[in-house]
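What follows is one structure encoded as structure tokens, with my remarks underneath.
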Amino acid sequence: MQNAILKTNKLCKTFSSGGLQQHVLKNLDLERYEGDFTVIMGPSGAGKSTLLYALSGMDKPTVGAISFSGREIGNLSNDKLAVFRRDNCGFVFQQMYLLDNMSVLDNILACGLLVSKNKKAVAEKAKELLVRLNLNETTWRKFPAQVSGGEAQRAGIARALINNPKIVFADEPTGALNSANGEAVLDALTEANRQGQSVVMVTHDMKSARRGNRILYLQDGVIRGECQLGKYASGDNARHDKLSAFLSEMGW
Amino acid sequence: MNKIFMLALAPIRKNKGQTAGLFAFASITVMLLSIGITLFFGIDRFFDERAEANYAPHFAALYYSGADAIGQGQKFMEHDARVVEIEKTYAVGGLGEYLANGVKAMNGIMVSRVDGTQKMDAPSFIGEYLPLTGDRVYIPYYTYLDGGFSMGDEFTLFISGTELVFTIAGTTEDITFGTQLGPFLRFYISDERFDKIENEFLNNRLTVLTARLENADDTVFFQTDYYKEVSTDGLLSSFGYDAAKMVRTMLPAIISVVITAFALILLGVSLIVIRFRIVNSIEESMANIGTQKAIGYRNIQIISALVTQYGLVALIGGLIGVILAGVVLPLIAKVLEPSLALVWSPGFELYTAVISILLVLLTVTLIAYMTSRKINTLHPLVALRGGMAVHSFRKNSFPLSKSRGPLSLLLSLKQIAQSKKQTITIGLIVAAVTMAAVAGIAINYSMNDGRDAFARTGFGELGATDAIAGLLNGDDGEAFQKRIAEYPEVRKVLRYESTGERILVDEINTYLIVTEDCSLLEGALLVSGFYPRHENEIALGPGAIRATGKKAGDKVTIQNSGIEKEYIITGIIQMIENAGLIGLMTADGAREVMPEFMFTIFNIYLNEGVDVESFIERVQAAEGGILDTIINTYDQVGVVFDGMGGMFAAAAYGILAVTVFVIVLTLYMVIKTTILRRRRELGIQKAVGFTTWQLMNQIALNMTPAILLGVAAGAAAGYFGFNPLMSALTSGVGIARLNLPVPLDQIIVVCAALVVLAYAVSMLIAWRIRKISAYALVSE
């Protein structure tokens with residue numbers, strides 16, 4: 001039996017602006033399991049990113065509960081949520097969000113040293129990740145503005161993985177990349193998932209979505225449907241067809 | 001024009017906190033400038049106005065009644081073309097004391113009747129007064145403040161050791177004889193009491209010759225000529241209007257210079273902060289500038305809007321500053337009253353307000369224009385894309401894989417290495433205000449707890465002795481000195497006369513100090529060269545050196561009562577007396593030009609720990625018959641310092657308060673700007689797990705090196721620069737070189753407190769980071 005890593009109960013998120021209230025997530029109940037590669041899809045404005053950031057403890061729900069490995073996180077203070085994120089989560093953003101005043105390697109170390117005081121071990125782990133992600137030593141020493149988008153995003157993945165998080169949240173990680181770089185990033189996430197890390201990814205891209213084993217379709221703040229694809233294997237056409245059918249059914 | 005105002009007002013409305021900070025800078029700068037300028041020029045003018053209102057004399061000479069010189073003096077005055085009016089009045093007095101707060105204060109004392117015919121400096125009252133009958137007395141306002149008296153209080157005078165008790169019935173302005181900082185204090189008593197005292201103290205009858213000159217600027221030359229022609233036999237004291245004015249306006253003038261200098265430091269700080277703000281404001285609103293350029297605004301319009309924005313802040317802040325000055329100035333005037341010995345109620349001064357506001361406005365708009373000129377070179381498309389890369393990082397300072405230390409510290413060090421200009425800016429600001437604060441602390445210490453060193457420098461030997469005894473007759477001197485020296489508690493008795501003897505040195509009217517053996521002096525009289533040892537030697541004060549144009553080793557001609565001799569200048573001495581127009585000789589030297597010279601004053605130095613008061617009581621009991629006076633010099637110096645100490649304490653605390661305010665305001669503006677500029681970076685750090693506390697510490701640590709270096713540099717500059725600065729400020733009153741102790745312990749405590757405060761304030765201001773959520777970052 002699989003262990004639930006994320007569970008929500010009647011999760012709601014409402015934004016207020018100028019006296020107007022916008023209900024973005026409406027009474028969501030969902031359960032994700034360790035080792036899942038969950039993909040959240042849906043039209044623009046469906047609440048995908050809002051759900052991702054609520055699940056990751058980057059934002060708090062308006063109403064409802066979120067538990068992570070059985071621990072309620074919805075009511076934690078901002079600082080406790082920060083500690084929760086550093087200990088359990090890794091993040092990959094569409095815009096990379098590397099700190100532009102430090103080198104690629106330091107970006108990863110700054111995150112790793114938050115959790116571990118063993119500088120040597122963290123540095124070795126960071127270098128190992130960077131090598132695994134095909135980033136050479138010259139790139140490590142460069143500043144984010146001096147590397148390509150693909151290199152920056154792979155550095156972002158290394159940063160997300162440096163603390164061995166239980167779960168990696170990725171928000172449109174290939175959205176700003178060309179096809180080749182996007183593929184490399186997806187390979188990296190798939191590999192991380194293969195090695196036991198859960199992944200939750202928001203995407204608009206069907207090619208990216210194929211990497212997941214559970215596809216959630218979100219619309220108007222509610223989950224319209226879920227599709228289970230099984231573990232990813234490249235060249236699996238049946239998987240593609242199943243996902244296409246599901247998305248057609250959802251009106252994609 | 002409307003468009004420019006529209007562009008200028010928008011950022012003022014948007015950044016209310018930052019604008020308020022700049023308002024505060026402009027307000028305080030204009031307030032201090034306004035106060036400094038008003039004090040510097042206003043007090044001088046006010047004193048002249050009061051002197052005119054009281055028809056104060058430009059020259060006054062006090063003689064023992066019956067002295068031949070009175071006739072000579074009167075004749076000289078009557079025939080001198082510069083004199084427009086002379087007056088002769090009568091008094092009783094001499095070297096005496098009065099009781100203030102239970103302490104005997106020694107000074108020249110004279111009591112007079114209110115003579116309806118007295119025109120020059122006739123009693124004019126401060127506040128209510130009662131008719132002079134019975135034992136009533138009018139006392140100078142200085143004495144009134146010094147003793148903390150009220151109307152109806154008992155007031156005790158001592159003339160030739162005899163106690164005279166009165167009841168206070170009013171306080172007078174008395175321009176000529178109204179402060180203990182001058183040679184004589186004048187008290188008015190009733191006719192019946194005066195007649196009685198006049199008969200009782202036959203040897204203390206005085207005649208006061210006063211003269212008004214056509215032109216007050218001639219006073220110094222008139223005095224010189226007077227001493228050439230008129231004998232000093234029987235002369236008790238004399239002085240001119242300049243000296244009377246200087247002793248009362250000297251300290252307010254020093255304080256006004258200190259305040260103005262501090263205001264100029266603040267103006268410099270404001271300009272640095274404004275420059276910092278404009279540079280950041282251009283970076284922050286790069287896209288807006290691009291849009292403005294794209295839709296057709298010309299460079300000059302965009303620059304004008306920025307200049308108008310900061311000009312408006314300076315103008316409105318300046319107006320507030322002028323109003324604040326109007327509120328604060330009367331409080332400062334109150335603090336200065338003991339020195340001025342007059343009630344000064346400064347009001348709104350248009351010229352001061354205009355000068356202060358214009359100075360701030362012009363410098364602010366100039367710096368705003370110079371800083372915003374870079375907009376000229378900014379292409380609209382580049383601006384629209386967010387501008388050129390603000391930072392071009394070339395070196396990865398403090399690489400995390402190699403550097404040692406906690407993560408927060410290393411990240412701070414990285415930030416500091418990448419923002420050197422900001423660090424230097426903050427360091428300069430902190431150094432400037434810390435230097436001012438340290439100087440303030442040192443001034444306060446020198447005038448209060450550490451007054452001994454200043455007393456030794458400023459008051460010559462008076463600051464080094466324990467007691468001073470004055471004899472009625474100089475003939476008793478030798479035997480008196482022998483008897484006193486035999487007291488077991490006495491360490492030394494030195495004949496030392498500094499009670500108003502005057503000579504001409506190269507025709508310059510000079511105040512003479514005479515002592516039996518200069519090598520026995522313990523004060524800080526000597527600045528350079530040697531003390532005189534032979535009868536043809538003299539040491540001169542800085543004023544006399546300047547006036548004669550001579551130096552140590554040169555010869556000067558000394559004249560007195562028709563005798564003329566040449567002397568060699570052995571060295572330079574200093575003392576707050578007669579604007580540095582002072583000279584020091586041995587007794588043998590003095591007798592060369594004053595054959596009748598005889599010591600009547602004796603400085604008494606006691607062993608460590610001896611109770612001065614009980615010693616004085618014993619001497620009084622044993623020597624009462626021949627004693628004119630004997631006083632505790634520490635208390636005497638204390639009487640002078642108590643009045644001044646409060647002024648300098650107020651100035652020091654004021655400077656310290658403004659220093660704290662400036663540091664807090666600078667940190668507020670810099671940190672707020674930093675947070676705005678680094679919003680994205682802070683959001684990323686929060687997203688990956690940095691807590692608010694860690695980020696606050698990081699920001700506070702960013703500021704710490706600048707604060708530490710600034711405080712250290714400012715403290716060092718204040719510590720080493722204090723004495724040269726004070727020497728420059730007091731050079732006009734007779735001080736050539738000060739060597740006052742600077743309280744290192746107090747400075748260390750204040751500097752440490754400033755650093756801790758700066759860190760705490762940085763943390764507090766950085767607390768606003770809690771408002772930046774990681775989600776806001778990614779959803780923007």
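Here, A, B, ... name the chains of the structure tokens in the order displayed, residue numbers run from 1 inside each chain, and ligands are numbered from 1 in the same displayed order.
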Residues of chain B within 7 Å of chain A: nearest atom pair and distance (Å, one decimal) for each, counting only C-alpha atoms, sorted by chain and number, as CSV?
residue,atom,partner,partner_atom,distance
B:Phe393,CA,A:Asn101,CA,6.7
B:Asn396,CA,A:Met102,CA,6.1
B:Pro399,CA,A:Asp106,CA,6.6
B:Leu400,CA,A:Asp106,CA,5.8
B:Ser401,CA,A:Ala123,CA,6.0
B:Leu407,CA,A:Leu113,CA,6.8
B:Glu681,CA,A:Leu99,CA,5.9
B:Ile684,CA,A:Tyr97,CA,6.3
B:Lys686,CA,A:Ala82,CA,6.6
B:Ala687,CA,A:Met58,CA,6.7
B:Val688,CA,A:Arg86,CA,5.9
B:Gly689,CA,A:Ala82,CA,4.3
B:Phe690,CA,A:Ala82,CA,6.1
B:Thr691,CA,A:Asp79,CA,5.1
B:Thr692,CA,A:Asp79,CA,6.4
B:Ala774,CA,A:Met58,CA,6.2
B:Tyr775,CA,A:Met58,CA,5.8
So that I can see what lies close to Leu130 (chain A), please list as a PDB file with C-alpha atoms, in the first residue's frame the residues with an atom at most 7 Å from it, counting only C-alpha atoms and leaving out residues fewer than 5 positions away in the same chain.
ATOM      1  CA  LEU A 135      26.598  21.354 -16.422  1.00  0.00           C
ATOM      2  CA  ALA A 155      20.884  24.660 -12.236  1.00  0.00           C
ATOM      3  CA  ALA A 158      20.053  20.994  -9.009  1.00  0.00           C
TER       4      ALA A 158
END
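As for CA of Thr19 (chain B) and CA of Met669 (chain B), they are spaced 9.3 Å apart.
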Could you write out, as a VMD selection string, all the residues of region 342-465 of chain B that DSSP marks as helix (DSSP H, G or I)? chain B and resid 350 to 377 380 to 384 407 to 418 420 to 447 451 to 458 460 to 463
DSSP strand (DSSP E or B) residues within region 414-601 of chain B, as a count of residues only: 56
Close residues, Gly21 (chain B) itself excluded, 9 Å, only C-alpha atoms, min 2 positions apart in chain, as a PyMOL selection string: chain B and resi 16-19+23-26+665-666+668-669
Could those residues be written to a file, using N, CA and C atoms, as a PDB file, in the first residue's frame?
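In the end it all went to out-v2.pdb:
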ATOM      1  N   LYS B  16       5.621  57.540   0.540  1.00  0.00           N
ATOM      2  CA  LYS B  16       5.387  58.481   1.644  1.00  0.00           C
ATOM      3  C   LYS B  16       6.457  58.368   2.725  1.00  0.00           C
ATOM      4  N   GLY B  17       6.850  57.126   3.041  1.00  0.00           N
ATOM      5  CA  GLY B  17       7.844  56.918   4.103  1.00  0.00           C
ATOM      6  C   GLY B  17       9.169  57.563   3.751  1.00  0.00           C
ATOM      7  N   GLN B  18       9.637  57.296   2.519  1.00  0.00           N
ATOM      8  CA  GLN B  18      10.918  57.845   2.078  1.00  0.00           C
ATOM      9  C   GLN B  18      10.850  59.368   2.025  1.00  0.00           C
ATOM     10  N   THR B  19       9.715  59.871   1.519  1.00  0.00           N
ATOM     11  CA  THR B  19       9.563  61.325   1.429  1.00  0.00           C
ATOM     12  C   THR B  19       9.584  61.941   2.823  1.00  0.00           C
ATOM     13  N   PHE B  23      11.998  64.797   4.214  1.00  0.00           N
ATOM     14  CA  PHE B  23      11.422  65.977   4.876  1.00  0.00           C
ATOM     15  C   PHE B  23      12.126  66.210   6.210  1.00  0.00           C
ATOM     16  N   ALA B  24      12.261  65.113   6.958  1.00  0.00           N
ATOM     17  CA  ALA B  24      12.870  65.209   8.286  1.00  0.00           C
ATOM     18  C   ALA B  24      14.306  65.728   8.191  1.00  0.00           C
ATOM     19  N   PHE B  25      15.063  65.195   7.211  1.00  0.00           N
ATOM     20  CA  PHE B  25      16.451  65.659   7.026  1.00  0.00           C
ATOM     21  C   PHE B  25      16.462  67.163   6.741  1.00  0.00           C
ATOM     22  N   ALA B  26      15.615  67.564   5.774  1.00  0.00           N
ATOM     23  CA  ALA B  26      15.597  68.977   5.379  1.00  0.00           C
ATOM     24  C   ALA B  26      15.162  69.843   6.562  1.00  0.00           C
ATOM     25  N   LEU B 665      17.370  57.338  10.601  1.00  0.00           N
ATOM     26  CA  LEU B 665      16.724  57.763   9.357  1.00  0.00           C
ATOM     27  C   LEU B 665      17.492  57.265   8.131  1.00  0.00           C
ATOM     28  N   THR B 666      18.821  57.332   8.210  1.00  0.00           N
ATOM     29  CA  THR B 666      19.638  56.863   7.090  1.00  0.00           C
ATOM     30  C   THR B 666      19.409  55.367   6.876  1.00  0.00           C
ATOM     31  N   TYR B 668      16.853  53.666   7.787  1.00  0.00           N
ATOM     32  CA  TYR B 668      15.486  53.453   7.314  1.00  0.00           C
ATOM     33  C   TYR B 668      15.419  53.617   5.793  1.00  0.00           C
ATOM     34  N   MET B 669      16.017  54.720   5.328  1.00  0.00           N
ATOM     35  CA  MET B 669      15.922  55.000   3.896  1.00  0.00           C
ATOM     36  C   MET B 669      16.722  53.986   3.078  1.00  0.00           C
TER      37      MET B 669
END
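Residues surrounding Pro741 (chain B) within 8 Å are Ala442, Ser446, Gly450 and Ala453 of chain B [only C-alpha atoms; sequence separation below 4 positions excluded].
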Can you tell me, as a list in words, what residues are no more than 6 Å from region 177-188 of chain B when counting only C-alpha atoms, ignoring any on the same chain fewer than 4 positions away? Gly108, Ile109, Met110, Val111, Ser112, Arg113, Val137, Tyr138, Ile139, Pro140, Tyr142 and Val247 of chain B
Please provide the set of residues having any atom within 12 Å of Ala122 (chain B), restricted to only C-alpha atoms, with same-chain residues fewer than 4 positions apart removed, written as a PyMOL selection string. chain B and resi 51-57+87+89+112-118+138+172-178+186-188+210
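The closest residue to Val185 (chain A), picked from A:Asn163, A:His240, A:Arg211, A:His204 and counting only C-alpha atoms, is A:Arg211.
Using only C-alpha atoms for every distance, the candidate list A:Val63, A:Val202, A:Ala152, A:Ala238 yields A:Val202 as the residue closest to Gly42 (chain A).
For the choices B:Phe615, B:Tyr511, B:Phe454, B:Phe348, the atom-to-atom distance to Gly42 (chain B) is smallest for B:Phe348 when using only C-alpha atoms.
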Cut-off 8 Å: closest region 494-585 of chain B/region 719-738 of chain B atom pairs per residue, using only C-alpha atoms, as a tab-separated table:
residue	atom	partner	partner_atom	distance
B:Val527	CA	B:Arg737	CA	6.7
B:Gly541	CA	B:Gly734	CA	6.6
B:Pro542	CA	B:Gly734	CA	6.0
B:Gly543	CA	B:Gly734	CA	6.1
B:Ile573	CA	B:Ala736	CA	7.9
B:Gln574	CA	B:Ile735	CA	5.2
B:Met575	CA	B:Gly734	CA	5.5
B:Ile576	CA	B:Gly734	CA	5.0
B:Glu577	CA	B:Gly734	CA	6.3
B:Asn578	CA	B:Val733	CA	7.1
B:Ala579	CA	B:Val733	CA	4.1
B:Gly580	CA	B:Gly734	CA	3.4
B:Leu581	CA	B:Gly734	CA	7.2
Residue subset to file, keeping C-alpha atoms, as a PDB file, in the first residue's frame:
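Output file selection18.pdb follows:
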ATOM      1  CA  VAL B 527      51.847  76.941  25.740  1.00  0.00           C
ATOM      2  CA  GLY B 541      49.171  85.593  25.603  1.00  0.00           C
ATOM      3  CA  PRO B 542      48.152  84.773  22.002  1.00  0.00           C
ATOM      4  CA  GLY B 543      46.144  88.006  21.720  1.00  0.00           C
ATOM      5  CA  ILE B 573      50.849  81.730  27.773  1.00  0.00           C
ATOM      6  CA  GLN B 574      47.120  81.186  27.567  1.00  0.00           C
ATOM      7  CA  MET B 575      44.079  81.970  29.683  1.00  0.00           C
ATOM      8  CA  ILE B 576      40.503  83.111  29.008  1.00  0.00           C
ATOM      9  CA  GLU B 577      41.136  86.731  29.908  1.00  0.00           C
ATOM     10  CA  ASN B 578      41.092  89.988  27.979  1.00  0.00           C
ATOM     11  CA  ALA B 579      40.925  88.161  24.616  1.00  0.00           C
ATOM     12  CA  GLY B 580      44.427  86.788  25.146  1.00  0.00           C
ATOM     13  CA  LEU B 581      45.914  90.262  25.679  1.00  0.00           C
TER      14      LEU B 581
END
Quick one: of A:Leu28, A:Ala176, A:Ile167, A:Leu186, who's nearest to Leu133 (chain A), counting only C-alpha atoms? A:Leu186
